[in-house]
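Asks: The file below is target_33.cif, mmCIF, C-alpha atoms:
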data_protein
loop_
_atom_site.label_atom_id
_atom_site.label_comp_id
_atom_site.auth_asym_id
_atom_site.auth_seq_id
_atom_site.Cartn_x
_atom_site.Cartn_y
_atom_site.Cartn_z
CA MET A 1 53.70 178.50 213.28
CA GLY A 2 51.23 181.31 213.33
CA ILE A 3 49.62 183.72 215.69
CA SER A 4 45.96 184.63 216.11
CA PHE A 5 44.71 188.21 216.07
CA GLU A 6 43.82 187.80 219.77
CA ASN A 7 47.37 186.76 220.62
CA LEU A 8 48.69 189.63 218.55
CA GLU A 9 46.69 192.09 220.69
CA GLU A 10 48.12 190.49 223.82
CA LEU A 11 51.63 190.86 222.40
CA ILE A 12 51.09 194.53 221.51
CA GLU A 13 49.96 195.23 225.08
CA LEU A 14 52.90 193.32 226.51
CA ILE A 15 55.45 195.20 224.39
CA ASN A 16 53.88 198.51 225.30
CA HIS A 17 53.91 197.60 228.96
CA VAL A 18 57.39 196.05 229.22
CA HIS A 19 59.34 198.03 226.63
CA GLY A 20 57.28 201.20 226.37
CA PHE A 21 57.12 200.67 222.64
CA ASP A 22 53.77 201.47 221.10
CA LEU A 23 52.65 199.22 218.24
CA ARG A 24 48.95 199.85 218.88
CA GLY A 25 48.50 202.01 215.80
CA TYR A 26 50.14 199.54 213.41
CA THR A 27 48.00 197.72 210.85
CA ARG A 28 47.31 194.27 212.17
CA ALA A 29 47.47 192.18 208.99
CA SER A 30 51.01 193.22 208.20
CA LEU A 31 52.16 193.03 211.84
CA LYS A 32 50.69 189.54 212.16
CA ARG A 33 52.74 188.36 209.17
CA ARG A 34 55.92 189.85 210.61
CA VAL A 35 55.39 188.31 214.03
CA ALA A 36 54.63 184.91 212.48
CA HIS A 37 57.87 185.27 210.53
CA ILE A 38 59.83 186.02 213.72
CA MET A 39 58.31 183.01 215.47
CA GLU A 40 59.39 180.85 212.56
CA LEU A 41 62.86 182.40 212.40
CA TYR A 42 63.60 181.82 216.08
CA ARG A 43 61.46 178.66 216.31
CA LEU A 44 59.30 180.02 219.07
CA ASP A 45 55.70 179.36 219.98
CA PHE A 46 53.59 182.20 221.35
CA ASN A 47 54.48 181.56 224.99
CA ASN A 48 58.20 181.32 224.23
CA LEU A 49 57.99 184.51 222.24
CA LYS A 50 56.42 186.36 225.17
CA ASP A 51 58.96 184.85 227.54
CA ASN A 52 61.86 186.01 225.35
CA LEU A 53 60.40 189.50 225.01
CA VAL A 54 60.20 189.84 228.76
CA ASN A 55 63.27 187.97 229.95
CA THR A 56 65.95 187.76 227.26
CA SER A 57 68.07 190.84 227.14
CA GLY A 58 68.63 192.10 223.60
CA PHE A 59 65.79 190.04 222.17
CA PHE A 60 63.43 192.99 221.84
CA ASN A 61 65.94 194.80 219.62
CA ARG A 62 66.16 191.80 217.33
CA PHE A 63 62.37 191.56 217.36
CA LEU A 64 62.13 195.22 216.39
CA THR A 65 64.52 194.73 213.47
CA GLU A 66 62.38 191.95 212.07
CA VAL A 67 58.98 193.35 212.87
CA THR A 68 59.42 196.48 210.79
CA VAL A 69 59.70 196.31 207.03
CA ASN A 70 63.23 197.21 205.94
CA VAL A 71 62.95 196.88 202.21
CA THR A 72 64.57 199.78 200.40
CA GLU A 73 66.67 200.56 197.33
CA LEU A 74 68.91 203.26 195.94
CA PHE A 75 66.73 205.33 193.62
CA ARG A 76 63.67 203.20 194.26
CA ASP A 77 61.03 204.58 191.85
CA PRO A 78 63.29 206.46 189.42
CA ALA A 79 60.32 208.58 188.33
CA PHE A 80 60.05 209.94 191.87
CA TYR A 81 63.66 211.14 191.89
CA ALA A 82 63.27 212.59 188.40
CA ALA A 83 60.22 214.53 189.67
CA LEU A 84 62.23 215.78 192.67
CA ARG A 85 64.98 217.01 190.40
CA GLU A 86 62.65 218.69 187.90
CA GLU A 87 59.88 220.06 190.11
CA VAL A 88 61.30 220.43 193.62
CA PHE A 89 65.02 221.13 193.43
CA PRO A 90 64.60 224.44 191.56
CA TYR A 91 62.68 225.65 194.66
CA LEU A 92 65.16 224.12 197.09
CA ALA A 93 67.97 225.94 195.28
CA THR A 94 66.49 229.24 196.49
CA PHE A 95 67.03 228.35 200.17
CA PRO A 96 70.45 229.28 201.65
CA HIS A 97 70.47 226.07 203.70
CA ILE A 98 68.57 222.95 202.77
CA LYS A 99 67.58 220.53 205.49
CA LEU A 100 66.10 217.22 204.41
CA TRP A 101 64.55 214.44 206.46
CA SER A 102 64.28 210.85 205.32
CA ALA A 103 61.71 209.63 207.86
CA GLY A 104 61.68 205.85 208.29
CA CYS A 105 64.97 205.62 206.41
CA SER A 106 65.77 201.98 207.24
CA SER A 107 69.30 201.19 206.03
CA GLY A 108 69.72 204.64 204.51
CA GLU A 109 69.38 204.06 200.76
CA GLU A 110 66.89 206.89 200.37
CA ALA A 111 69.15 209.36 202.21
CA TYR A 112 72.09 208.36 199.98
CA SER A 113 69.94 208.70 196.87
CA LEU A 114 68.97 212.22 197.94
CA ALA A 115 72.63 213.01 198.61
CA ILE A 116 73.64 211.86 195.12
CA LEU A 117 70.81 213.79 193.50
CA LEU A 118 71.74 216.95 195.44
CA LYS A 119 75.39 216.54 194.57
CA LYS A 120 74.58 216.18 190.90
CA GLN A 121 72.60 219.44 191.03
CA GLY A 122 75.36 221.25 192.92
CA LEU A 123 73.22 221.61 196.06
CA TYR A 124 74.87 219.10 198.35
CA GLU A 125 77.37 221.45 199.98
CA ARG A 126 74.60 223.55 201.52
CA SER A 127 72.37 220.59 202.34
CA PHE A 128 72.05 218.46 205.44
CA ILE A 129 70.15 215.18 205.45
CA TYR A 130 68.70 213.54 208.55
CA GLY A 131 67.87 209.85 208.23
CA THR A 132 65.77 208.47 211.06
CA ASP A 133 64.30 205.12 211.95
CA ILE A 134 63.07 203.29 215.05
CA ASN A 135 65.58 200.57 214.54
CA SER A 136 69.17 200.94 215.79
CA LYS A 137 70.42 197.89 213.90
CA VAL A 138 69.45 199.17 210.44
CA LEU A 139 70.75 202.63 211.36
CA GLU A 140 74.16 201.09 212.07
CA ARG A 141 74.18 199.77 208.52
CA ALA A 142 73.06 203.14 207.21
CA LYS A 143 75.91 204.90 209.01
CA GLN A 144 78.48 202.56 207.51
CA GLY A 145 77.15 203.29 204.04
CA ILE A 146 77.79 199.72 202.94
CA ILE A 147 75.61 198.21 200.26
CA ASP A 148 75.58 194.64 199.03
CA LEU A 149 77.42 194.65 195.71
CA ARG A 150 74.95 192.18 194.20
CA LYS A 151 72.21 194.79 194.51
CA MET A 152 74.23 197.51 192.83
CA LYS A 153 73.35 196.29 189.33
CA GLU A 154 69.65 196.95 189.95
CA TYR A 155 70.39 200.25 191.65
CA SER A 156 72.54 201.32 188.72
CA ASP A 157 69.58 200.59 186.43
CA ASN A 158 67.36 202.67 188.70
CA TYR A 159 69.88 205.49 188.55
CA LEU A 160 70.19 205.27 184.78
CA GLN A 161 66.44 205.85 184.57
CA THR A 162 66.74 208.84 186.90
CA GLU A 163 69.79 210.50 185.36
CA SER A 164 70.13 209.15 181.85
CA GLY A 165 73.64 208.19 180.81
CA GLU A 166 75.03 208.64 184.33
CA SER A 167 76.78 206.02 186.40
CA LEU A 168 76.47 205.40 190.13
CA SER A 169 80.00 204.04 190.29
CA GLU A 170 81.56 207.45 190.89
CA TYR A 171 79.83 207.56 194.29
CA TYR A 172 81.12 204.33 195.83
CA THR A 173 84.21 202.18 196.21
CA VAL A 174 84.10 198.42 195.84
CA ARG A 175 85.68 196.37 198.59
CA TYR A 176 85.22 192.59 198.36
CA ASP A 177 81.48 192.04 197.89
CA ALA A 178 80.39 195.42 199.18
CA ALA A 179 79.94 198.89 197.77
CA ILE A 180 80.95 201.60 200.21
CA MET A 181 79.46 205.03 199.70
CA HIS A 182 82.13 207.73 199.47
CA HIS A 183 82.88 209.68 202.61
CA GLU A 184 82.30 212.82 200.58
CA LEU A 185 78.66 211.74 200.26
CA ARG A 186 78.28 210.81 203.92
CA LYS A 187 79.64 213.95 205.52
CA ASN A 188 76.34 215.87 205.38
CA ILE A 189 74.13 213.00 206.50
CA LEU A 190 73.20 212.19 210.09
CA PHE A 191 71.47 208.93 210.95
CA SER A 192 69.62 208.82 214.23
CA ILE A 193 66.83 207.09 216.15
CA HIS A 194 63.43 208.73 215.93
CA ASN A 195 60.03 207.17 216.43
CA LEU A 196 57.26 208.82 214.41
CA VAL A 197 54.73 207.30 216.80
CA SER A 198 56.10 208.65 220.06
CA ASP A 199 58.72 211.35 219.30
CA GLY A 200 58.03 214.93 218.29
CA VAL A 201 59.32 217.68 216.02
CA PHE A 202 63.14 217.89 216.20
CA ASN A 203 64.01 220.33 213.43
CA GLU A 204 62.53 222.35 210.59
CA PHE A 205 62.95 220.95 207.11
CA GLN A 206 62.76 222.10 203.53
CA LEU A 207 62.01 218.58 202.37
CA ILE A 208 60.63 215.51 204.10
CA THR A 209 60.32 212.11 202.50
CA CYS A 210 58.17 209.60 204.34
CA ARG A 211 57.42 206.98 201.77
CA ASN A 212 55.76 203.64 202.42
CA VAL A 213 55.74 204.23 206.16
CA LEU A 214 52.15 205.41 206.67
CA ILE A 215 50.75 202.28 205.00
CA TYR A 216 51.74 200.36 208.15
CA PHE A 217 49.74 202.71 210.39
CA ASP A 218 46.00 202.83 211.04
CA LEU A 219 44.06 205.94 210.07
CA THR A 220 44.22 207.59 213.49
CA LEU A 221 47.98 207.18 213.69
CA GLN A 222 48.39 208.31 210.08
CA GLN A 223 46.65 211.59 210.96
CA ARG A 224 48.90 212.09 213.94
CA VAL A 225 52.09 211.39 212.01
CA LEU A 226 50.99 213.61 209.12
CA LYS A 227 50.49 216.42 211.63
CA LEU A 228 54.01 215.85 212.94
CA LEU A 229 55.41 215.95 209.41
CA TYR A 230 53.45 219.12 208.64
CA GLU A 231 54.77 220.80 211.78
CA SER A 232 58.31 219.73 210.90
CA LEU A 233 58.19 221.47 207.53
CA ALA A 234 59.34 225.01 206.87
CA MET A 235 56.89 227.20 205.00
CA PHE A 236 57.08 226.27 201.29
CA GLY A 237 58.85 223.05 202.25
CA PHE A 238 58.02 219.80 200.48
CA LEU A 239 56.44 216.57 201.66
CA CYS A 240 56.91 213.34 199.70
CA LEU A 241 54.69 210.37 200.48
CA GLY A 242 54.61 206.86 198.98
CA THR A 243 52.64 206.55 195.76
CA LYS A 244 49.78 204.73 197.49
CA GLU A 245 49.60 207.04 200.51
CA SER A 246 47.58 210.21 200.94
CA LEU A 247 47.18 213.34 203.09
CA ARG A 248 43.81 211.95 204.17
CA SER A 249 42.07 214.92 205.77
CA GLU A 250 40.59 217.86 203.84
CA GLN A 251 41.92 220.15 206.54
CA LEU A 252 45.49 219.09 205.82
CA LYS A 253 44.97 219.11 202.04
CA HIS A 254 44.19 222.84 202.26
CA LYS A 255 47.58 223.46 203.80
CA PHE A 256 49.44 221.94 200.88
CA ARG A 257 49.75 222.54 197.17
CA LEU A 258 49.94 219.44 195.02
CA ILE A 259 53.22 219.42 193.10
CA ASN A 260 53.09 215.99 191.50
CA LYS A 261 49.99 213.84 191.79
CA LYS A 262 51.47 210.58 190.60
CA GLN A 263 54.60 210.85 192.77
CA ASN A 264 52.60 212.25 195.70
CA ILE A 265 54.71 215.37 196.26
CA TYR A 266 53.22 218.31 198.15
CA GLN A 267 54.36 221.81 199.11
CA LYS A 268 53.36 223.43 202.39
CA ILE A 269 51.58 226.71 201.68
CA ALA A 270 49.78 227.51 204.93
CA MET B 1 35.22 185.54 185.29
CA LEU B 2 35.08 189.21 186.23
CA LYS B 3 32.75 189.82 183.30
CA ALA B 4 30.49 186.98 184.44
CA PHE B 5 29.88 188.31 187.96
CA PRO B 6 26.32 189.67 188.37
CA GLU B 7 25.87 193.33 189.28
CA ASN B 8 24.33 192.36 192.61
CA LEU B 9 27.30 190.19 193.61
CA SER B 10 26.99 189.88 197.37
CA ILE B 11 30.72 189.66 198.07
CA GLY B 12 33.88 191.64 197.33
CA VAL B 13 36.60 190.25 195.07
CA LEU B 14 40.38 190.62 195.45
CA VAL B 15 42.41 190.18 192.29
CA ILE B 16 46.14 189.47 192.31
CA ILE B 17 48.03 189.47 189.05
CA HIS B 18 51.78 189.24 188.78
CA ARG B 19 52.98 192.42 187.14
CA SER B 20 56.04 194.59 187.48
CA PRO B 21 55.79 198.18 188.73
CA LYS B 22 58.37 199.05 186.08
CA TYR B 23 55.82 198.75 183.28
CA GLU B 24 52.57 200.61 183.56
CA THR B 25 49.41 198.70 182.90
CA ASN B 26 45.81 199.82 182.83
CA ILE B 27 44.11 196.46 183.07
CA GLU B 28 41.64 197.81 185.60
CA GLU B 29 40.38 200.51 183.25
CA SER B 30 40.18 198.30 180.19
CA ILE B 31 38.34 195.54 182.05
CA GLY B 32 36.18 197.93 184.03
CA THR B 33 34.06 199.01 181.10
CA LYS B 34 33.17 195.41 180.31
CA CYS B 35 32.06 194.35 183.78
CA ARG B 36 28.85 194.68 185.77
CA ILE B 37 30.70 194.93 189.06
CA ALA B 38 32.98 197.86 189.94
CA ILE B 39 36.65 197.38 189.09
CA LYS B 40 39.37 199.39 190.83
CA VAL B 41 42.91 199.44 192.15
CA ALA B 42 42.95 198.61 195.86
CA GLU B 43 43.65 201.57 198.14
CA GLU B 44 45.07 201.17 201.61
CA LYS B 45 42.52 201.24 204.50
CA GLU B 46 39.64 201.02 202.02
CA PRO B 47 36.68 198.95 203.32
CA ILE B 48 35.82 195.93 201.16
CA LYS B 49 32.42 196.40 199.54
CA PRO B 50 30.23 193.89 197.73
CA ALA B 51 30.08 193.83 193.92
CA THR B 52 33.54 195.37 193.69
CA ALA B 53 36.83 193.87 192.49
CA TYR B 54 40.01 195.29 194.01
CA PHE B 55 43.25 194.78 192.08
CA ALA B 56 46.49 194.65 194.05
CA PRO B 57 48.71 197.50 192.83
CA ALA B 58 51.98 196.46 191.22
CA GLY B 59 54.82 196.35 193.75
CA TYR B 60 52.61 195.94 196.86
CA HIS B 61 51.27 192.96 198.76
CA LEU B 62 47.53 193.23 199.39
CA LEU B 63 46.31 192.29 202.88
CA VAL B 64 42.98 192.24 204.72
CA GLU B 65 42.66 193.84 208.15
CA PRO B 66 40.47 192.34 210.91
CA ASP B 67 37.99 195.20 210.35
CA ARG B 68 37.73 194.01 206.73
CA SER B 69 39.49 196.94 205.18
CA LEU B 70 42.42 196.55 202.81
CA SER B 71 46.03 197.31 203.57
CA LEU B 72 49.19 197.41 201.47
CA ASP B 73 52.64 196.22 202.35
CA VAL B 74 56.02 196.53 200.60
CA SER B 75 57.81 193.81 202.54
CA GLU B 76 60.02 191.29 200.74
CA PRO B 77 58.60 189.58 197.66
CA VAL B 78 57.22 186.08 198.29
CA ASN B 79 57.89 183.48 195.57
CA PHE B 80 59.71 186.36 193.85
CA CYS B 81 56.35 188.10 193.60
CA ARG B 82 54.97 191.32 195.03
CA PRO B 83 52.01 191.23 195.01
CA SER B 84 52.08 187.60 196.03
CA ILE B 85 48.95 185.44 195.82
CA ASP B 86 50.05 183.40 198.86
CA VAL B 87 50.24 186.54 201.00
CA THR B 88 46.75 187.75 200.10
CA MET B 89 45.18 184.29 200.40
CA GLN B 90 46.75 183.73 203.82
CA SER B 91 45.55 187.13 205.00
CA THR B 92 42.04 186.57 203.62
CA ALA B 93 41.82 183.20 205.38
CA ASP B 94 42.95 184.87 208.64
CA VAL B 95 40.02 187.27 208.52
CA TYR B 96 37.23 185.46 206.69
CA GLY B 97 37.97 181.85 207.64
CA ALA B 98 35.60 179.43 205.95
CA SER B 99 33.70 182.09 204.01
CA VAL B 100 36.37 182.54 201.35
CA ALA B 101 36.14 181.28 197.78
CA ALA B 102 39.51 181.27 196.05
CA VAL B 103 40.23 180.75 192.37
CA LEU B 104 43.73 180.09 191.06
CA LEU B 105 44.32 180.64 187.35
CA SER B 106 47.21 180.42 184.90
CA GLY B 107 50.71 181.40 186.04
CA ALA B 108 54.37 180.60 185.78
CA ASN B 109 55.42 179.70 189.32
CA GLN B 110 54.13 178.13 192.53
CA ASP B 111 52.62 181.26 194.02
CA GLY B 112 49.12 180.57 195.31
CA ALA B 113 49.55 176.88 196.07
CA GLN B 114 50.30 177.43 199.74
CA GLY B 115 47.64 180.13 200.03
CA MET B 116 45.03 177.79 198.56
CA GLN B 117 46.07 175.16 201.08
CA THR B 118 45.60 177.63 203.92
CA ILE B 119 42.14 178.61 202.69
CA ARG B 120 41.16 174.99 202.24
CA ASN B 121 42.36 174.14 205.75
CA ALA B 122 40.25 177.03 207.06
CA GLY B 123 37.19 175.49 205.39
CA GLY B 124 37.01 177.77 202.35
CA LEU B 125 36.23 176.80 198.78
CA CYS B 126 39.29 176.39 196.54
CA ILE B 127 38.87 176.28 192.80
CA VAL B 128 41.72 175.69 190.40
CA GLN B 129 41.55 176.30 186.68
CA HIS B 130 42.00 173.03 184.79
CA PRO B 131 45.68 173.11 183.75
CA GLU B 132 44.74 172.26 180.16
CA TYR B 133 42.82 175.50 179.92
CA ALA B 134 45.57 177.56 181.54
CA GLU B 135 47.92 179.55 179.35
CA ILE B 136 50.74 178.55 181.69
CA LYS B 137 50.10 175.37 183.64
CA ALA B 138 52.64 175.69 186.46
CA MET B 139 50.51 177.55 188.96
CA PRO B 140 47.30 175.46 188.79
CA GLU B 141 49.38 172.27 188.69
CA ALA B 142 51.32 173.26 191.82
CA ALA B 143 48.08 173.80 193.76
CA ILE B 144 46.59 170.52 192.53
CA ALA B 145 49.79 168.64 193.40
CA ARG B 146 49.55 169.96 196.96
CA GLY B 147 46.00 168.73 197.24
CA ALA B 148 44.77 172.26 197.72
CA ALA B 149 41.96 172.15 195.14
CA THR B 150 38.37 171.56 196.17
CA LEU B 151 37.27 171.78 192.53
CA ILE B 152 39.09 171.79 189.21
CA LEU B 153 37.05 173.67 186.60
CA ASN B 154 37.42 174.39 182.91
CA ASP B 155 36.83 177.88 181.53
CA GLU B 156 33.09 177.46 180.80
CA GLU B 157 32.57 176.07 184.27
CA LEU B 158 34.46 179.01 185.78
CA VAL B 159 32.06 181.38 184.01
CA VAL B 160 29.01 179.49 185.27
CA PHE B 161 30.51 179.47 188.77
CA SER B 162 30.95 183.25 188.61
CA GLN B 163 27.42 183.84 187.34
CA GLU B 164 25.98 181.65 190.07
CA LEU B 165 28.25 182.75 192.91
CA ASN B 166 25.44 184.48 194.81
CA ASN B 167 23.57 181.19 194.96
CA HIS B 168 26.51 179.14 196.15
CA ILE B 169 26.44 178.08 199.71
CA LEU B 170 29.37 180.08 200.94
CA LYS B 171 29.42 180.16 204.69
CA ARG B 172 28.73 183.80 205.40
CA ASP B 173 29.39 185.31 208.78
#
What is this structure when it is put down as structure tokens?

Replies:
Amino acid sequence: MGISFENLEELIELINHVHGFDLRGYTRASLKRRVAHIMELYRLDFNNLKDNLVNTSGFFNRFLTEVTVNVTELFRDPAFYAALREEVFPYLATFPHIKLWSAGCSSGEEAYSLAILLKKQGLYERSFIYGTDINSKVLERAKQGIIDLRKMKEYSDNYLQTESGESLSEYYTVRYDAAIMHHELRKNILFSIHNLVSDGVFNEFQLITCRNVLIYFDLTLQQRVLKLLYESLAMFGFLCLGTKESLRSEQLKHKFRLINKKQNIYQKIA
Amino acid sequence: MLKAFPENLSIGVLVIIHRSPKYETNIEESIGTKCRIAIKVAEEKEPIKPATAYFAPAGYHLLVEPDRSLSLDVSEPVNFCRPSIDVTMQSTADVYGASVAAVLLSGANQDGAQGMQTIRNAGGLCIVQHPEYAEIKAMPEAAIARGAATLILNDEELVVFSQELNNHILKRD
């Protein structure tokens, strides 16, 4: 089962109209794959899909969970976290309170990674991390702080590359086939719904990570979201993008200092 | 094949190789100096230009947008691969239809077989490296077994095909 680009446009309009959810700025190739996947998963043709989106209560939420990419890891890209620790945290340490925002946090692994890194550097007690996503289902998982035990091996390897000789195991408890992040680690994290496309500034942050989110947006939407992120940063705060993403406009580039080119870390200077 | 493309190649080329983001490679740079077409890592939202080969970055799927620019995606691996050949081939067929030429070379799994099938069904040209010439036969064999190959070529023939690509009757739109 597949869907044509024409049908995809029809679906985007329908979702905007019925659910007030704006997918118009999303890249089409990726969205088309996700929608085709949903149609296969629920064994729906295009007309049934539309029917369900309009008439079946709760279906849109399930659709939303599947349509966005929720692939994440603890300490994904160890080199990124090492760069944060070496090049960013010394600055953060000079702020009395450190507010961090994991934008597009999915099931929360990035927020927990930040929490562990802060704790290790003795900064956690004066930090507060906001994890936001458009998707209430993945946020529920994030709040519970439960991670599939089978994935922990890989995450431990990631962590070993970030903090050599250190073990992740001191931060979670094993129960059956799940790793549960310690309450101690969760107390300064708040997970909440926020849509980068339609919601505005909600706080002022010393550090924002928005990694591998912009790649799903077209250029116009990327500019808009980057502006939102810029406005959400405190002066001398840091912005972390995915390694294949960029600030795009010259105008915005002038307002940031490049901290780490390879890891795409910037500091707001104007 | 990349070395054999003429400098006035009238189409763009997407290159997917299976490689892990955990180990850095600089294939693009080392090959680039030996080719007459431009060789680069694909950047998201970059328009596809003729006489240029775009390599999928390690850890990302490479997709084609309806406006014929490139996009990247970190969704689940397909066939345990990201980048996956199937994903890019499917996406290319979605946008270019019959005007795609696909070449599947050596590899250790079945990635690409389904993508080749999709391109063939859309009317594109599907070439598979003769398994005897492939370092690892699994990938070309899987595509051939599916009936997804329009042509099966040995290495010399692949070079000639690349040199002559401008003169092939690819349906251009």

Asks: Name the residues within 12 Å of (35.3, 193.4, 188.1), counting only C-alpha atoms in the file's coordinates, and put them as a PyMOL selection string.

Replies: chain B and resi 1-9+11-15+27-41+50-55+162

Asks: Only residues of chain B matter here; which ones have an atom within 9 Å of chain A, counting only C-alpha atoms? Give them as number ranges by chain.

Replies: B: 21-22, 43-45, 57, 63-66, 71-76, 87, 91, 94-95

Asks: List the residues selected by the PyMOL selection byres ((chain A and resi 100) around 6) in the file shown, writing them as an MDAnalysis selection string.

Replies: chainID A and resid 99 101 129 205:208

Asks: Find the spatial neighbours of Gln90 (chain B), counting only C-alpha atoms, within a cut-off of 9 Å - ignore same-chain residues fewer than 2 positions away - and output them as a list in words.

Replies: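 Contacts, with the query itself left out: Leu63, Ile85, Asp86, Val87, Thr88, Thr92, Ala93, Asp94, Val95, Gln114, Gly115, Met116, Thr118 and Ile119 of chain B.
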
Asks: Using the chain letters and numbers from this file, what does the PyMOL selection byres ((chain B and resi 128) around 12) select? Give the answer as a PDB file with C-alpha atoms, in the frame of the given file.

Replies:
ATOM      1  CA  ALA B 101      36.140 181.280 197.780  1.00  0.00           C
ATOM      2  CA  ALA B 102      39.510 181.270 196.050  1.00  0.00           C
ATOM      3  CA  VAL B 103      40.230 180.750 192.370  1.00  0.00           C
ATOM      4  CA  LEU B 104      43.730 180.090 191.060  1.00  0.00           C
ATOM      5  CA  LEU B 105      44.320 180.640 187.350  1.00  0.00           C
ATOM      6  CA  SER B 106      47.210 180.420 184.900  1.00  0.00           C
ATOM      7  CA  GLY B 107      50.710 181.400 186.040  1.00  0.00           C
ATOM      8  CA  GLY B 112      49.120 180.570 195.310  1.00  0.00           C
ATOM      9  CA  ALA B 113      49.550 176.880 196.070  1.00  0.00           C
ATOM     10  CA  MET B 116      45.030 177.790 198.560  1.00  0.00           C
ATOM     11  CA  GLN B 117      46.070 175.160 201.080  1.00  0.00           C
ATOM     12  CA  ARG B 120      41.160 174.990 202.240  1.00  0.00           C
ATOM     13  CA  LEU B 125      36.230 176.800 198.780  1.00  0.00           C
ATOM     14  CA  CYS B 126      39.290 176.390 196.540  1.00  0.00           C
ATOM     15  CA  ILE B 127      38.870 176.280 192.800  1.00  0.00           C
ATOM     16  CA  GLN B 129      41.550 176.300 186.680  1.00  0.00           C
ATOM     17  CA  HIS B 130      42.000 173.030 184.790  1.00  0.00           C
ATOM     18  CA  PRO B 131      45.680 173.110 183.750  1.00  0.00           C
ATOM     19  CA  GLU B 132      44.740 172.260 180.160  1.00  0.00           C
ATOM     20  CA  TYR B 133      42.820 175.500 179.920  1.00  0.00           C
ATOM     21  CA  ALA B 134      45.570 177.560 181.540  1.00  0.00           C
ATOM     22  CA  LYS B 137      50.100 175.370 183.640  1.00  0.00           C
ATOM     23  CA  ALA B 138      52.640 175.690 186.460  1.00  0.00           C
ATOM     24  CA  MET B 139      50.510 177.550 188.960  1.00  0.00           C
ATOM     25  CA  PRO B 140      47.300 175.460 188.790  1.00  0.00           C
ATOM     26  CA  GLU B 141      49.380 172.270 188.690  1.00  0.00           C
ATOM     27  CA  ALA B 142      51.320 173.260 191.820  1.00  0.00           C
ATOM     28  CA  ALA B 143      48.080 173.800 193.760  1.00  0.00           C
ATOM     29  CA  ILE B 144      46.590 170.520 192.530  1.00  0.00           C
ATOM     30  CA  ALA B 145      49.790 168.640 193.400  1.00  0.00           C
ATOM     31  CA  ARG B 146      49.550 169.960 196.960  1.00  0.00           C
ATOM     32  CA  GLY B 147      46.000 168.730 197.240  1.00  0.00           C
ATOM     33  CA  ALA B 148      44.770 172.260 197.720  1.00  0.00           C
ATOM     34  CA  ALA B 149      41.960 172.150 195.140  1.00  0.00           C
ATOM     35  CA  THR B 150      38.370 171.560 196.170  1.00  0.00           C
ATOM     36  CA  LEU B 151      37.270 171.780 192.530  1.00  0.00           C
ATOM     37  CA  ILE B 152      39.090 171.790 189.210  1.00  0.00           C
ATOM     38  CA  LEU B 153      37.050 173.670 186.600  1.00  0.00           C
ATOM     39  CA  ASN B 154      37.420 174.390 182.910  1.00  0.00           C
ATOM     40  CA  ASP B 155      36.830 177.880 181.530  1.00  0.00           C
ATOM     41  CA  GLU B 157      32.570 176.070 184.270  1.00  0.00           C
ATOM     42  CA  LEU B 158      34.460 179.010 185.780  1.00  0.00           C
ATOM     43  CA  PHE B 161      30.510 179.470 188.770  1.00  0.00           C
TER      44      PHE B 161
END

Asks: Compute the distance from (63.1, 227.6, 193.1) to each atom, counting all atoms listed in the file, keep the residues with any atom at most 12 Å away, and return them as an mmCIF file with C-alpha atoms, keeping the file's coordinate frame; use the coordinates of the file.

Replies:
data_model
loop_
_atom_site.group_PDB
_atom_site.id
_atom_site.type_symbol
_atom_site.label_atom_id
_atom_site.label_comp_id
_atom_site.auth_asym_id
_atom_site.auth_seq_id
_atom_site.Cartn_x
_atom_site.Cartn_y
_atom_site.Cartn_z
ATOM 1 C CA LEU A 84 62.230 215.780 192.670
ATOM 2 C CA ARG A 85 64.980 217.010 190.400
ATOM 3 C CA GLU A 86 62.650 218.690 187.900
ATOM 4 C CA GLU A 87 59.880 220.060 190.110
ATOM 5 C CA VAL A 88 61.300 220.430 193.620
ATOM 6 C CA PHE A 89 65.020 221.130 193.430
ATOM 7 C CA PRO A 90 64.600 224.440 191.560
ATOM 8 C CA TYR A 91 62.680 225.650 194.660
ATOM 9 C CA LEU A 92 65.160 224.120 197.090
ATOM 10 C CA ALA A 93 67.970 225.940 195.280
ATOM 11 C CA THR A 94 66.490 229.240 196.490
ATOM 12 C CA PHE A 95 67.030 228.350 200.170
ATOM 13 C CA PRO A 96 70.450 229.280 201.650
ATOM 14 C CA GLN A 206 62.760 222.100 203.530
ATOM 15 C CA PHE A 236 57.080 226.270 201.290
ATOM 16 C CA GLY A 237 58.850 223.050 202.250
ATOM 17 C CA PHE A 238 58.020 219.800 200.480
#

Asks: Quick one: residues within 7 Å of Lys255 (chain A), only C-alpha atoms, excluding same-chain residues fewer than 5 positions away - as a PDB file with C-alpha atoms, in the coordinates of the input?

Replies:
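Wrote around.pdb, looks like this:
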ATOM      1  CA  LYS A 268      53.360 223.430 202.390  1.00  0.00           C
ATOM      2  CA  ILE A 269      51.580 226.710 201.680  1.00  0.00           C
ATOM      3  CA  ALA A 270      49.780 227.510 204.930  1.00  0.00           C
TER       4      ALA A 270
END

Asks: Please write the residues picked by the PyMOL selection byres ((chain A and resi 223) around 12) on this file as a PyMOL selection string.

Replies: chain A and resi 25+196-197+214-215+217-222+224-230+245-253

Asks: For CA of Arg257 (chain A) and CA of Ala234 (chain A), determine how far apart the two atoms are, in Å to one decimal place.

Replies: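 Between these atoms lies a distance of 13.9 Å.
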
Asks: Go ahead and compute the interatomic distance for CA of Tyr112 (chain A) and CA of Asp199 (chain A), in Å to one decimal.

Replies: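 CA of Asp199 (chain A) lies 23.7 Å from CA of Tyr112 (chain A).
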